$ cat run.txt   # compact mmCIF, C-alpha atoms and all ligand atoms
# COMPACT_ATOMS: atom_id res chain seq x y z
CA MET K 1 0.00 0.00 0.00
CA MET K 2 1.05 3.64 -0.42
CA ALA K 3 2.15 5.13 2.90
CA ASN K 4 4.34 8.02 3.98
CA SER K 5 7.64 7.84 5.80
CA ILE K 6 8.66 10.57 8.24
CA LYS K 7 12.17 11.99 8.31
CA ILE K 8 13.36 12.19 11.91
CA ASP K 9 16.95 13.27 11.18
CA SER K 10 19.29 13.52 8.22
CA GLY K 11 19.12 10.11 6.49
CA VAL K 12 16.95 8.60 9.24
CA TYR K 13 13.26 7.83 8.70
CA TRP K 14 10.33 6.46 10.71
CA VAL K 15 8.78 3.72 8.58
CA GLY K 16 6.59 1.96 11.16
CA ALA K 17 2.97 0.92 11.22
CA ILE K 18 0.00 2.52 12.96
CA ASP K 19 -2.48 0.09 14.52
CA TRP K 20 -5.56 2.25 15.08
CA ASP K 21 -7.79 -0.60 16.21
CA ILE K 22 -5.97 -2.72 18.79
CA ARG K 23 -7.65 -2.55 22.23
CA ASP K 24 -5.96 -5.39 24.09
CA TYR K 25 -2.34 -6.49 23.84
CA HIS K 26 -1.69 -9.53 26.04
CA GLY K 27 -4.01 -8.08 28.69
CA TYR K 28 -2.81 -4.47 28.41
CA LYS K 29 -5.76 -2.17 27.68
CA LEU K 30 -4.89 0.35 25.01
CA ASP K 31 -6.44 2.62 22.38
CA GLY K 32 -4.25 1.67 19.45
CA THR K 33 -0.48 1.74 19.20
CA THR K 34 2.35 2.09 16.73
CA TYR K 35 4.98 -0.47 15.77
CA ASN K 36 7.90 1.86 15.15
CA CYS K 37 10.64 0.88 12.71
CA TYR K 38 13.40 3.07 11.37
CA LEU K 39 15.51 3.23 8.24
CA VAL K 40 19.07 4.52 8.47
CA PHE K 41 20.68 5.54 5.18
CA GLY K 42 24.47 5.21 5.28
CA ASN K 43 26.56 6.06 2.24
CA ASP K 44 27.21 2.37 1.58
CA LYS K 45 24.42 0.47 3.33
CA VAL K 46 20.84 1.00 4.45
CA ALA K 47 19.70 -0.52 7.75
CA LEU K 48 16.16 -1.29 8.84
CA ILE K 49 15.71 -1.32 12.60
CA ASP K 50 12.96 -3.73 13.71
CA ASN K 51 9.73 -4.51 11.86
CA VAL K 52 6.01 -4.97 12.55
CA TYR K 53 3.11 -7.03 13.93
CA PRO K 54 1.15 -9.50 11.76
CA GLY K 55 -1.12 -7.69 9.33
CA PHE K 56 1.05 -4.58 9.02
CA SER K 57 3.77 -5.56 6.53
CA SER K 58 2.16 -3.66 3.65
CA GLN K 59 2.22 -0.41 5.69
CA LEU K 60 5.88 -1.02 6.51
CA LEU K 61 6.83 -1.78 2.90
CA GLY K 62 4.88 1.25 1.64
CA ARG K 63 6.72 3.57 4.01
CA ILE K 64 10.08 1.99 3.15
CA SER K 65 9.45 2.65 -0.57
CA ASP K 66 8.50 6.23 0.23
CA ALA K 67 11.72 6.82 2.23
CA PHE K 68 13.88 5.45 -0.60
CA LYS K 69 12.11 7.78 -3.05
CA LYS K 70 12.72 10.74 -0.76
CA GLU K 71 16.43 9.82 -0.53
CA ASP K 72 16.53 9.17 -4.30
CA ARG K 73 18.13 5.77 -3.75
CA ASP K 74 17.49 2.38 -5.34
CA LEU K 75 15.24 0.28 -3.15
CA LYS K 76 17.58 -2.11 -1.32
CA ILE K 77 17.86 -2.92 2.36
CA ASP K 78 21.32 -4.22 3.28
CA VAL K 79 20.98 -4.72 7.02
CA VAL K 80 18.15 -5.60 9.41
CA ILE K 81 18.70 -4.95 13.11
CA GLN K 82 16.42 -7.07 15.23
CA ASN K 83 16.48 -5.40 18.65
CA HIS K 84 13.79 -7.70 20.08
CA ILE K 85 11.90 -10.76 18.87
CA GLU K 86 8.42 -10.31 20.31
CA MET K 87 5.91 -10.69 17.47
CA ASP K 88 5.08 -6.97 17.28
CA HIS K 89 8.67 -6.26 16.18
CA ILE K 90 9.65 -9.28 14.11
CA HIS K 91 6.70 -10.64 12.17
CA SER K 92 7.80 -9.15 8.81
CA LEU K 93 11.38 -10.43 9.01
CA TYR K 94 10.86 -13.33 6.63
CA GLU K 95 9.13 -11.11 4.07
CA ILE K 96 12.00 -8.63 4.23
CA ILE K 97 14.55 -11.41 3.70
CA GLU K 98 12.54 -12.76 0.75
CA LYS K 99 12.38 -9.29 -0.81
CA PHE K 100 16.06 -8.48 -0.15
CA PRO K 101 17.85 -11.88 -0.24
CA ASP K 102 21.33 -10.42 0.36
CA VAL K 103 20.30 -8.71 3.58
CA GLU K 104 22.37 -9.25 6.73
CA VAL K 105 20.41 -9.72 9.97
CA TYR K 106 21.89 -8.71 13.32
CA SER K 107 20.55 -9.60 16.76
CA SER K 108 21.69 -10.46 20.26
CA THR K 109 22.95 -14.01 20.77
CA ARG K 110 19.90 -14.88 22.85
CA ALA K 111 17.57 -13.90 20.01
CA VAL K 112 18.89 -16.46 17.53
CA SER K 113 17.12 -19.59 18.77
CA GLY K 114 13.85 -17.62 19.00
CA ILE K 115 14.19 -16.36 15.42
CA LYS K 116 14.85 -19.89 14.13
CA ASN K 117 11.87 -21.15 16.12
CA LEU K 118 9.56 -18.42 14.82
CA PHE K 119 10.70 -18.88 11.21
CA PRO K 120 11.55 -22.53 10.48
CA LYS K 121 12.37 -21.52 6.88
CA LEU K 122 15.33 -19.53 8.28
CA LYS K 123 16.86 -22.72 9.73
CA ASP K 124 20.00 -22.34 7.59
CA PHE K 125 20.02 -18.54 7.36
CA GLU K 126 22.98 -16.90 9.14
CA ILE K 127 21.98 -14.44 11.89
CA LYS K 128 24.95 -12.29 12.87
CA THR K 129 25.16 -11.86 16.63
CA VAL K 130 26.41 -8.76 18.42
CA LYS K 131 27.23 -7.93 22.01
CA THR K 132 27.59 -4.72 24.00
CA GLY K 133 30.13 -2.39 22.38
CA ASP K 134 30.08 -4.07 18.94
CA SER K 135 29.48 -1.72 15.99
CA ILE K 136 28.64 -1.92 12.32
CA ASP K 137 29.60 0.66 9.71
CA LEU K 138 27.01 1.80 7.14
CA GLY K 139 29.34 4.38 5.53
CA GLY K 140 29.28 7.76 7.27
CA LYS K 141 26.88 6.33 9.86
CA SER K 142 27.56 3.57 12.36
CA LEU K 143 25.50 1.64 14.88
CA THR K 144 26.78 0.47 18.27
CA PHE K 145 24.88 -2.18 20.19
CA VAL K 146 24.05 -2.48 23.87
CA GLU K 147 22.63 -5.77 25.15
CA ALA K 148 19.60 -5.13 27.32
CA SER K 149 18.71 -8.62 28.47
CA MET K 150 15.52 -8.70 30.58
CA LEU K 151 14.66 -5.17 29.53
CA HIS K 152 12.22 -6.54 28.94
CA TRP K 153 12.92 -9.96 27.34
CA PRO K 154 16.13 -12.04 27.46
CA ASP K 155 16.90 -11.12 23.82
CA SER K 156 16.34 -7.35 24.08
CA MET K 157 19.04 -4.96 22.93
CA PHE K 158 19.46 -1.28 22.06
CA SER K 159 21.14 0.17 18.96
CA PHE K 160 22.83 3.57 19.03
CA LEU K 161 23.39 5.67 15.93
CA ASN K 162 26.69 7.31 16.85
CA GLU K 163 26.84 10.21 14.38
CA ASP K 164 23.29 11.43 15.09
CA GLY K 165 22.99 10.49 18.78
CA ILE K 166 19.82 8.43 18.30
CA LEU K 167 19.12 5.53 20.64
CA PHE K 168 16.82 2.88 19.16
CA SER K 169 15.56 1.41 22.41
CA ASN K 170 12.81 -0.91 21.19
CA ASP K 171 10.18 -1.36 23.97
CA ALA K 172 12.07 0.60 26.63
CA PHE K 173 10.94 4.25 26.83
CA GLY K 174 7.89 3.44 24.67
CA GLN K 175 4.23 4.24 25.08
CA HIS K 176 1.09 2.71 23.63
CA ILE K 177 -0.10 5.90 21.97
CA CYS K 178 -1.79 5.98 18.60
CA LEU K 179 -1.78 9.39 16.93
CA SER K 180 -0.73 10.91 13.65
CA GLU K 181 1.96 12.89 15.50
CA ARG K 182 5.33 11.15 15.91
CA PHE K 183 7.30 13.36 18.31
CA ASP K 184 7.08 14.10 22.04
CA HIS K 185 6.71 17.87 21.62
CA GLU K 186 3.72 17.51 19.31
CA ILE K 187 1.38 16.19 22.01
CA SER K 188 0.42 17.20 25.53
CA ASN K 189 3.08 16.44 28.12
CA ASP K 190 0.46 15.08 30.56
CA MET K 191 -0.79 12.56 28.00
CA LEU K 192 2.75 11.56 27.06
CA MET K 193 3.97 11.04 30.63
CA ARG K 194 0.80 9.20 31.73
CA ALA K 195 1.13 6.82 28.75
CA SER K 196 4.84 6.34 29.50
CA LYS K 197 4.09 5.63 33.16
CA LYS K 198 1.40 3.12 32.18
CA PHE K 199 3.84 1.39 29.85
CA PHE K 200 6.53 1.30 32.54
CA ALA K 201 4.13 0.06 35.25
CA ASN K 202 2.81 -2.78 33.13
CA LEU K 203 5.94 -3.86 31.26
CA ILE K 204 9.11 -2.56 32.87
CA THR K 205 8.39 -2.72 36.63
CA PRO K 206 9.75 -6.29 37.01
CA SER K 207 12.97 -5.14 35.27
CA SER K 208 13.52 -2.11 37.52
CA GLN K 209 16.82 -3.29 38.95
CA VAL K 210 18.09 -4.31 35.50
CA LEU K 211 17.13 -0.88 34.19
CA VAL K 212 19.09 0.96 36.87
CA ARG K 213 22.18 -1.16 36.14
CA LYS K 214 21.74 -0.68 32.38
CA LEU K 215 21.50 3.10 32.63
CA ASP K 216 24.69 3.03 34.67
CA GLU K 217 26.38 0.81 32.06
CA VAL K 218 25.26 3.05 29.19
CA ASP K 219 26.55 6.03 31.15
CA LYS K 220 29.97 4.36 31.59
CA LEU K 221 30.11 3.61 27.84
CA GLY K 222 29.82 7.38 27.40
CA VAL K 223 26.57 6.97 25.46
CA LEU K 224 24.10 8.59 27.89
CA ASP K 225 25.46 12.12 27.39
CA LYS K 226 25.51 11.67 23.63
CA ILE K 227 21.85 10.71 23.28
CA LYS K 228 20.02 13.47 21.43
CA MET K 229 16.92 11.45 20.60
CA ILE K 230 15.34 8.22 21.82
CA ALA K 231 13.41 6.37 19.15
CA PRO K 232 11.38 3.62 20.85
CA ALA K 233 9.40 0.86 19.16
CA HIS K 234 6.03 2.21 20.33
CA GLY K 235 4.61 5.72 20.51
CA GLN K 236 6.30 9.08 20.39
CA ILE K 237 9.96 9.78 19.63
CA TRP K 238 11.76 11.62 22.44
CA THR K 239 13.56 14.77 21.30
CA LYS K 240 14.14 15.67 24.95
CA PRO K 241 15.46 12.28 26.12
CA GLU K 242 16.27 13.55 29.61
CA ASP K 243 12.51 13.79 30.32
CA ILE K 244 11.94 10.07 29.98
CA VAL K 245 15.35 8.95 31.28
CA ASN K 246 14.78 10.91 34.51
CA ALA K 247 11.22 9.59 34.83
CA TYR K 248 12.51 6.01 34.33
CA LYS K 249 15.16 6.55 37.03
CA ASP K 250 12.42 7.68 39.44
CA TRP K 251 9.98 4.88 38.61
CA ALA K 252 12.68 2.19 38.75
CA THR K 253 13.90 3.33 42.16
CA GLY K 254 10.53 3.63 43.87
CA VAL K 255 10.18 7.42 43.94
CA CYS K 256 6.52 7.97 44.93
CA LYS K 257 4.15 10.86 45.48
CA ASP K 258 2.11 11.61 48.59
CA LYS K 259 -0.54 9.42 47.04
CA ILE K 260 -2.58 6.39 48.09
CA THR K 261 -4.43 4.15 45.66
CA PHE K 262 -7.69 2.52 46.77
CA ILE K 263 -8.71 -0.77 45.18
CA TYR K 264 -11.99 -2.30 46.24
CA ASP K 265 -15.12 -4.19 45.41
CA THR K 266 -18.35 -4.30 47.36
CA MET K 267 -21.38 -6.57 47.81
CA HIS K 268 -24.04 -4.42 49.55
CA HIS K 269 -22.07 -1.12 49.76
CA SER K 270 -20.51 -1.85 53.19
CA THR K 271 -16.91 -2.19 51.98
CA GLN K 272 -17.51 0.80 49.72
CA LYS K 273 -18.61 2.91 52.73
CA MET K 274 -15.44 1.87 54.59
CA ALA K 275 -13.34 2.91 51.58
CA HIS K 276 -15.03 6.31 51.41
CA ALA K 277 -14.46 6.93 55.13
CA MET K 278 -10.78 5.98 54.83
CA ILE K 279 -10.40 8.27 51.81
CA GLU K 280 -11.63 11.19 53.95
CA GLY K 281 -8.96 10.35 56.55
CA VAL K 282 -6.29 10.28 53.83
CA PHE K 283 -7.51 13.61 52.40
CA SER K 284 -7.28 15.20 55.84
CA GLU K 285 -3.49 14.76 55.61
CA GLY K 286 -3.30 16.37 52.15
CA PHE K 287 -2.55 13.17 50.21
CA GLU K 288 -3.67 12.57 46.64
CA VAL K 289 -6.15 9.69 46.27
CA LYS K 290 -6.86 7.50 43.27
CA THR K 291 -9.74 5.02 43.44
CA PHE K 292 -10.43 1.86 41.48
CA TYR K 293 -13.82 0.28 41.98
CA LEU K 294 -13.11 -3.06 40.40
CA HIS K 295 -16.17 -3.68 38.26
CA PRO K 296 -15.71 -0.87 35.76
CA ASP K 297 -11.98 -0.28 36.29
CA GLU K 298 -9.16 -2.18 34.74
CA ARG K 299 -5.87 -3.64 35.87
CA SER K 300 -3.47 -1.94 33.44
CA ASP K 301 -4.65 1.55 34.51
CA LEU K 302 -4.78 0.54 38.15
CA VAL K 303 -1.11 -0.50 38.36
CA THR K 304 -0.11 2.76 36.66
CA ASP K 305 -1.29 4.56 39.81
CA VAL K 306 0.12 1.98 42.19
CA LEU K 307 3.56 2.61 40.65
CA ASP K 308 3.94 6.07 42.20
CA SER K 309 1.72 5.58 45.28
CA LYS K 310 3.30 5.18 48.69
CA ALA K 311 0.49 2.88 49.80
CA ILE K 312 -2.59 1.04 48.66
CA CYS K 313 -5.86 0.31 50.47
CA VAL K 314 -7.49 -2.88 49.29
CA GLY K 315 -11.08 -3.68 50.22
CA SER K 316 -13.26 -6.71 49.63
CA PRO K 317 -16.33 -8.27 51.18
CA THR K 318 -16.06 -11.90 52.21
CA MET K 319 -17.77 -14.37 49.94
CA MET K 320 -17.59 -18.07 50.85
CA ASN K 321 -14.65 -17.37 53.23
CA ASN K 322 -12.68 -15.63 50.45
CA PRO K 323 -12.28 -12.23 48.75
CA PHE K 324 -14.49 -11.36 45.81
CA PRO K 325 -13.17 -13.02 42.63
CA SER K 326 -12.55 -9.57 41.09
CA LEU K 327 -9.69 -9.08 43.60
CA GLY K 328 -7.97 -12.27 42.47
CA ASP K 329 -7.01 -10.81 39.10
CA ILE K 330 -5.32 -7.82 40.72
CA ILE K 331 -3.44 -9.80 43.36
CA PHE K 332 -2.17 -12.19 40.72
CA TYR K 333 -0.98 -9.22 38.64
CA PHE K 334 0.74 -7.62 41.66
CA ASN K 335 2.69 -10.86 42.04
CA CYS K 336 3.72 -10.73 38.37
CA LEU K 337 4.91 -7.13 38.53
CA SER K 338 6.60 -7.26 41.93
CA PHE K 339 6.62 -3.56 42.86
CA SER K 340 9.11 -4.32 45.64
CA ARG K 341 11.77 -4.56 42.89
CA THR K 342 11.58 -0.78 42.60
CA GLY K 343 12.60 -0.63 46.27
CA SER K 344 9.55 1.49 47.10
CA ASN K 345 8.40 -0.58 50.14
CA LYS K 346 4.72 0.19 49.66
CA LYS K 347 2.32 -0.18 52.58
CA ALA K 348 -1.14 -1.72 52.38
CA VAL K 349 -4.34 -1.44 54.38
CA VAL K 350 -6.73 -4.34 53.91
CA PHE K 351 -10.39 -3.95 54.80
CA GLY K 352 -13.87 -5.25 54.11
CA SER K 353 -17.21 -6.35 55.47
CA LYS K 354 -18.22 -9.89 56.35
CA GLY K 355 -21.54 -11.62 56.91
CA TRP K 356 -20.42 -14.47 59.19
CA GLY K 357 -16.94 -15.72 59.90
CA GLY K 358 -15.06 -13.53 57.41
CA GLY K 359 -11.87 -14.60 55.68
CA ALA K 360 -11.37 -12.10 52.85
CA VAL K 361 -9.25 -9.62 54.80
CA LYS K 362 -6.85 -12.24 56.20
CA LYS K 363 -6.52 -13.94 52.83
CA LEU K 364 -5.89 -10.66 50.97
CA SER K 365 -3.43 -9.59 53.62
CA ASN K 366 -1.39 -12.79 53.22
CA ASP K 367 -1.49 -12.48 49.42
CA LEU K 368 -0.36 -8.84 49.50
CA LYS K 369 2.50 -9.70 51.86
CA GLN K 370 3.59 -12.33 49.39
CA ALA K 371 3.43 -9.72 46.61
CA GLY K 372 5.86 -7.53 48.59
CA PHE K 373 3.54 -5.09 50.40
CA GLU K 374 3.98 -4.21 54.07
CA ILE K 375 0.64 -4.62 55.85
CA PHE K 376 -0.16 -1.45 57.80
CA GLU K 377 -3.55 -2.51 59.15
CA GLU K 378 -6.28 -5.09 58.66
CA TYR K 379 -9.87 -4.20 59.48
CA ASP K 380 -13.08 -6.08 58.85
CA VAL K 381 -16.57 -5.25 60.10
CA LEU K 382 -19.66 -7.37 60.56
CA ASN K 383 -22.36 -6.66 57.95
CA ILE K 384 -22.68 -2.87 57.88
CA PRO K 385 -20.14 -0.28 59.07
CA HIS K 386 -21.91 1.96 61.62
CA GLU K 387 -20.84 5.43 62.77
CA GLU K 388 -18.17 4.19 65.16
CA GLU K 389 -16.68 1.82 62.58
CA LEU K 390 -16.66 4.46 59.86
CA ASN K 391 -14.86 6.80 62.27
CA ARG K 392 -12.26 4.09 62.74
CA CYS K 393 -11.89 3.86 58.94
CA TYR K 394 -11.31 7.64 58.85
CA GLU K 395 -8.61 7.27 61.53
CA ILE K 396 -6.95 4.37 59.67
CA GLY K 397 -6.76 6.52 56.52
CA LYS K 398 -5.38 9.46 58.47
CA LYS K 399 -2.81 7.39 60.39
CA LEU K 400 -1.68 5.70 57.16
CA ALA K 401 -1.07 9.05 55.47
CA GLN K 402 0.74 10.38 58.56
CA SER K 403 3.02 7.33 58.60
CA LEU K 404 4.04 8.05 55.01
CA LYS K 405 5.11 11.65 55.44
FE1 LIG K 501 6.60 -4.28 21.90
FE2 LIG K 501 8.12 -6.78 23.83
O1 LIG K 501 7.12 -6.05 22.40
$ encode --input "run.txt" --output "structure tokens" --more "lines below"
Ligand code: FEO
Amino acid sequence: MMANSIKIDSGVYWVGAIDWDIRDYHGYKLDGTTYNCYLVFGNDKVALIDNVYPGFSSQLLGRISDAFKKEDRDLKIDVVIQNHIEMDHIHSLYEIIEKFPDVEVYSSTRAVSGIKNLFPKLKDFEIKTVKTGDSIDLGGKSLTFVEASMLHWPDSMFSFLNEDGILFSNDAFGQHICLSERFDHEISNDMLMRASKKFFANLITPSSQVLVRKLDEVDKLGVLDKIKMIAPAHGQIWTKPEDIVNAYKDWATGVCKDKITFIYDTMHHSTQKMAHAMIEGVFSEGFEVKTFYLHPDERSDLVTDVLDSKAICVGSPTMMNNPFPSLGDIIFYFNCLSFSRTGSNKKAVVFGSKGWGGGAVKKLSNDLKQAGFEIFEEYDVLNIPHEEELNRCYEIGKKLAQSLK
């Protein structure tokens, strides 16, 4: 199909795909995204960095043709850099190799078995492997590689375009944003940072310690100061890279706001009343509150607010000696993400109403401890919270906020 490329620097083009329609990506709720790929025109060779999700090859190929026309060069890709092998960045690899049979493919060592597994027809195709510090020369432009294992997959790596100071970071520093604009400064900063935080919370949180070490390593290689632009594999391109690098440093090291996130479900409004009373107590200490009532709200937004909260308050009625099933999804996800890896030591209040013997609060409390939260208080009430019990909820909220100052 015909599609436009976008020049992001001299001889460097965005040639990715825009997925306007995707609403769920392995459980992450989103309103579309982009699969960013880039073409780098050296004097001798042209490199394609990453490719696209199934169904988007024709967009990619259309934009590649457009970029070659703009550069007035014969259509020929010499090098493919495969920074990551998740399907949204590799699906078109075989088509590219078929179209440009002499192309050289570069990846991290750990990517090779995955590529062969994904594309059995490439069984005998040579994948050239690179490690941190290795470079390739395109003629007047050169790429240096930095392995980024577990940021966020074992195969992940970054590529750095030395002459232009562009870091191709694949998923890291990305956002699931779907707009016609391509650059950070073209959209509202609030939207950009919220989307970046959501991406970090859902995808990068478990790699927080790896990220801190990697930023240090990149700094020691002398690359950090030279980065003029970060071109991730999703969302906007960062022309002010310090904005997102500093935000990542904060998120990965547990820097939080005076903020408490409430997560609750309710059966006959009792647990809900307890939550509202606690929120008043938290407000009285000047803390920001974010609430997630679990029926309409969704886990990928919820964890975005947990990321920079000092504490959470989790409420559930007891049903058959257990928490409401809606809480199970969240607790399971907390275990996956492991916020304690950011070193933020988040506290948790667990509360709820019970009809008979209870059980939800104790069970949730044990589960949250296992997920790395420090339990500040447990409180369950029989049937309906009356004036005295709601006052205690207010005091719990207030004491929690005071303990976090
Ligand atoms: Fe955007 Fe790990 O894939």
$ atom_distance --input "run.txt" --atom1 "CA of Lys141 (chain K)" --atom2 "CA of Val105 (chain K)"
17.3 Å
$ residues_around --input "run.txt" --residues "region 7-18 of chain K" --least-positions-apart "6" --cutoff "7 Å" --atoms "only C-alpha atoms" --output "list in words"
Thr33, Thr34, Tyr35, Asn36, Cys37, Tyr38, Leu39, Val40, Phe41, Val52, Phe56, Gln59, Leu60, Arg63, Ile64, Ala67 and Cys178 of chain K
$ write_last_selection --input "run.txt" --atoms "C-alpha atoms" --output "PDB file, in the coordinates of the input"
ATOM      1  CA  THR K  33      -0.480   1.740  19.200  1.00  0.00           C
ATOM      2  CA  THR K  34       2.350   2.090  16.730  1.00  0.00           C
ATOM      3  CA  TYR K  35       4.980  -0.470  15.770  1.00  0.00           C
ATOM      4  CA  ASN K  36       7.900   1.860  15.150  1.00  0.00           C
ATOM      5  CA  CYS K  37      10.640   0.880  12.710  1.00  0.00           C
ATOM      6  CA  TYR K  38      13.400   3.070  11.370  1.00  0.00           C
ATOM      7  CA  LEU K  39      15.510   3.230   8.240  1.00  0.00           C
ATOM      8  CA  VAL K  40      19.070   4.520   8.470  1.00  0.00           C
ATOM      9  CA  PHE K  41      20.680   5.540   5.180  1.00  0.00           C
ATOM     10  CA  VAL K  52       6.010  -4.970  12.550  1.00  0.00           C
ATOM     11  CA  PHE K  56       1.050  -4.580   9.020  1.00  0.00           C
ATOM     12  CA  GLN K  59       2.220  -0.410   5.690  1.00  0.00           C
ATOM     13  CA  LEU K  60       5.880  -1.020   6.510  1.00  0.00           C
ATOM     14  CA  ARG K  63       6.720   3.570   4.010  1.00  0.00           C
ATOM     15  CA  ILE K  64      10.080   1.990   3.150  1.00  0.00           C
ATOM     16  CA  ALA K  67      11.720   6.820   2.230  1.00  0.00           C
ATOM     17  CA  CYS K 178      -1.790   5.980  18.600  1.00  0.00           C
TER      18      CYS K 178
END
$ atom_distance --input "run.txt" --atom1 "CA of Met191 (chain K)" --atom2 "CA of Leu167 (chain K)"
22.4 Å
$ residues_near_ligand --input "run.txt" --ligand "ligand LIG 501 (chain K)" --cutoff "8 Å" --atoms "all atoms listed in the file" --output "ChimeraX atom specification"
/K:35,84-89,152-153,170-171,233-234
$ closest_residue --input "run.txt" --among "K:Gly165, K:Pro317, K:Gly286, K:Gly355" --to "Lys228 (chain K)" --atoms "all atoms listed in the file"
K:Gly165
$ residues_around --input "run.txt" --residues "Leu221 (chain K)" --least-positions-apart "2" --cutoff "12 Å" --atoms "only C-alpha atoms" --output "PDB file with C-alpha atoms, in the coordinates of the input"
ATOM      1  CA  THR K 132      27.590  -4.720  24.000  1.00  0.00           C
ATOM      2  CA  GLY K 133      30.130  -2.390  22.380  1.00  0.00           C
ATOM      3  CA  ASP K 134      30.080  -4.070  18.940  1.00  0.00           C
ATOM      4  CA  THR K 144      26.780   0.470  18.270  1.00  0.00           C
ATOM      5  CA  PHE K 145      24.880  -2.180  20.190  1.00  0.00           C
ATOM      6  CA  VAL K 146      24.050  -2.480  23.870  1.00  0.00           C
ATOM      7  CA  PHE K 160      22.830   3.570  19.030  1.00  0.00           C
ATOM      8  CA  LYS K 214      21.740  -0.680  32.380  1.00  0.00           C
ATOM      9  CA  LEU K 215      21.500   3.100  32.630  1.00  0.00           C
ATOM     10  CA  ASP K 216      24.690   3.030  34.670  1.00  0.00           C
ATOM     11  CA  GLU K 217      26.380   0.810  32.060  1.00  0.00           C
ATOM     12  CA  VAL K 218      25.260   3.050  29.190  1.00  0.00           C
ATOM     13  CA  ASP K 219      26.550   6.030  31.150  1.00  0.00           C
ATOM     14  CA  VAL K 223      26.570   6.970  25.460  1.00  0.00           C
ATOM     15  CA  LEU K 224      24.100   8.590  27.890  1.00  0.00           C
ATOM     16  CA  ASP K 225      25.460  12.120  27.390  1.00  0.00           C
ATOM     17  CA  LYS K 226      25.510  11.670  23.630  1.00  0.00           C
ATOM     18  CA  ILE K 227      21.850  10.710  23.280  1.00  0.00           C
TER      19      ILE K 227
END
$ residues_around --input "run.txt" --residues "region 300-315 of chain K" --least-positions-apart "2" --cutoff "6 Å" --atoms "only C-alpha atoms" --output "list in words"
Tyr28, Lys198, Ala201, Cys256, Lys257, Lys259, Ile260, Thr261, Phe262, Ile263, Tyr264, Glu298, Lys346, Lys347, Ala348, Val349, Val350, Phe351 and Gly352 of chain K
$ closest_residue --input "run.txt" --among "K:Asp329, K:Asp258, K:Asp31, K:Asp155" --to "Asp19 (chain K)" --atoms "all atoms listed in the file"
K:Asp31
$ residues_near_point --input "run.txt" --point "(-8.2, -9.2, 52.1)" --cutoff "12 Å" --atoms "only C-alpha atoms" --output "mmCIF file with C-alpha atoms, in the coordinates of the input"
data_model
loop_
_atom_site.group_PDB
_atom_site.id
_atom_site.type_symbol
_atom_site.label_atom_id
_atom_site.label_comp_id
_atom_site.auth_asym_id
_atom_site.auth_seq_id
_atom_site.Cartn_x
_atom_site.Cartn_y
_atom_site.Cartn_z
ATOM 1 C CA ILE K 263 -8.710 -0.770 45.180
ATOM 2 C CA TYR K 264 -11.990 -2.300 46.240
ATOM 3 C CA ASP K 265 -15.120 -4.190 45.410
ATOM 4 C CA THR K 271 -16.910 -2.190 51.980
ATOM 5 C CA CYS K 313 -5.860 0.310 50.470
ATOM 6 C CA VAL K 314 -7.490 -2.880 49.290
ATOM 7 C CA GLY K 315 -11.080 -3.680 50.220
ATOM 8 C CA SER K 316 -13.260 -6.710 49.630
ATOM 9 C CA PRO K 317 -16.330 -8.270 51.180
ATOM 10 C CA THR K 318 -16.060 -11.900 52.210
ATOM 11 C CA MET K 319 -17.770 -14.370 49.940
ATOM 12 C CA ASN K 321 -14.650 -17.370 53.230
ATOM 13 C CA ASN K 322 -12.680 -15.630 50.450
ATOM 14 C CA PRO K 323 -12.280 -12.230 48.750
ATOM 15 C CA PHE K 324 -14.490 -11.360 45.810
ATOM 16 C CA PRO K 325 -13.170 -13.020 42.630
ATOM 17 C CA SER K 326 -12.550 -9.570 41.090
ATOM 18 C CA LEU K 327 -9.690 -9.080 43.600
ATOM 19 C CA GLY K 328 -7.970 -12.270 42.470
ATOM 20 C CA ILE K 330 -5.320 -7.820 40.720
ATOM 21 C CA ILE K 331 -3.440 -9.800 43.360
ATOM 22 C CA ALA K 348 -1.140 -1.720 52.380
ATOM 23 C CA VAL K 349 -4.340 -1.440 54.380
ATOM 24 C CA VAL K 350 -6.730 -4.340 53.910
ATOM 25 C CA PHE K 351 -10.390 -3.950 54.800
ATOM 26 C CA GLY K 352 -13.870 -5.250 54.110
ATOM 27 C CA SER K 353 -17.210 -6.350 55.470
ATOM 28 C CA LYS K 354 -18.220 -9.890 56.350
ATOM 29 C CA GLY K 358 -15.060 -13.530 57.410
ATOM 30 C CA GLY K 359 -11.870 -14.600 55.680
ATOM 31 C CA ALA K 360 -11.370 -12.100 52.850
ATOM 32 C CA VAL K 361 -9.250 -9.620 54.800
ATOM 33 C CA LYS K 362 -6.850 -12.240 56.200
ATOM 34 C CA LYS K 363 -6.520 -13.940 52.830
ATOM 35 C CA LEU K 364 -5.890 -10.660 50.970
ATOM 36 C CA SER K 365 -3.430 -9.590 53.620
ATOM 37 C CA ASN K 366 -1.390 -12.790 53.220
ATOM 38 C CA ASP K 367 -1.490 -12.480 49.420
ATOM 39 C CA LEU K 368 -0.360 -8.840 49.500
ATOM 40 C CA LYS K 369 2.500 -9.700 51.860
ATOM 41 C CA ILE K 375 0.640 -4.620 55.850
ATOM 42 C CA GLU K 377 -3.550 -2.510 59.150
ATOM 43 C CA GLU K 378 -6.280 -5.090 58.660
ATOM 44 C CA TYR K 379 -9.870 -4.200 59.480
ATOM 45 C CA ASP K 380 -13.080 -6.080 58.850
#
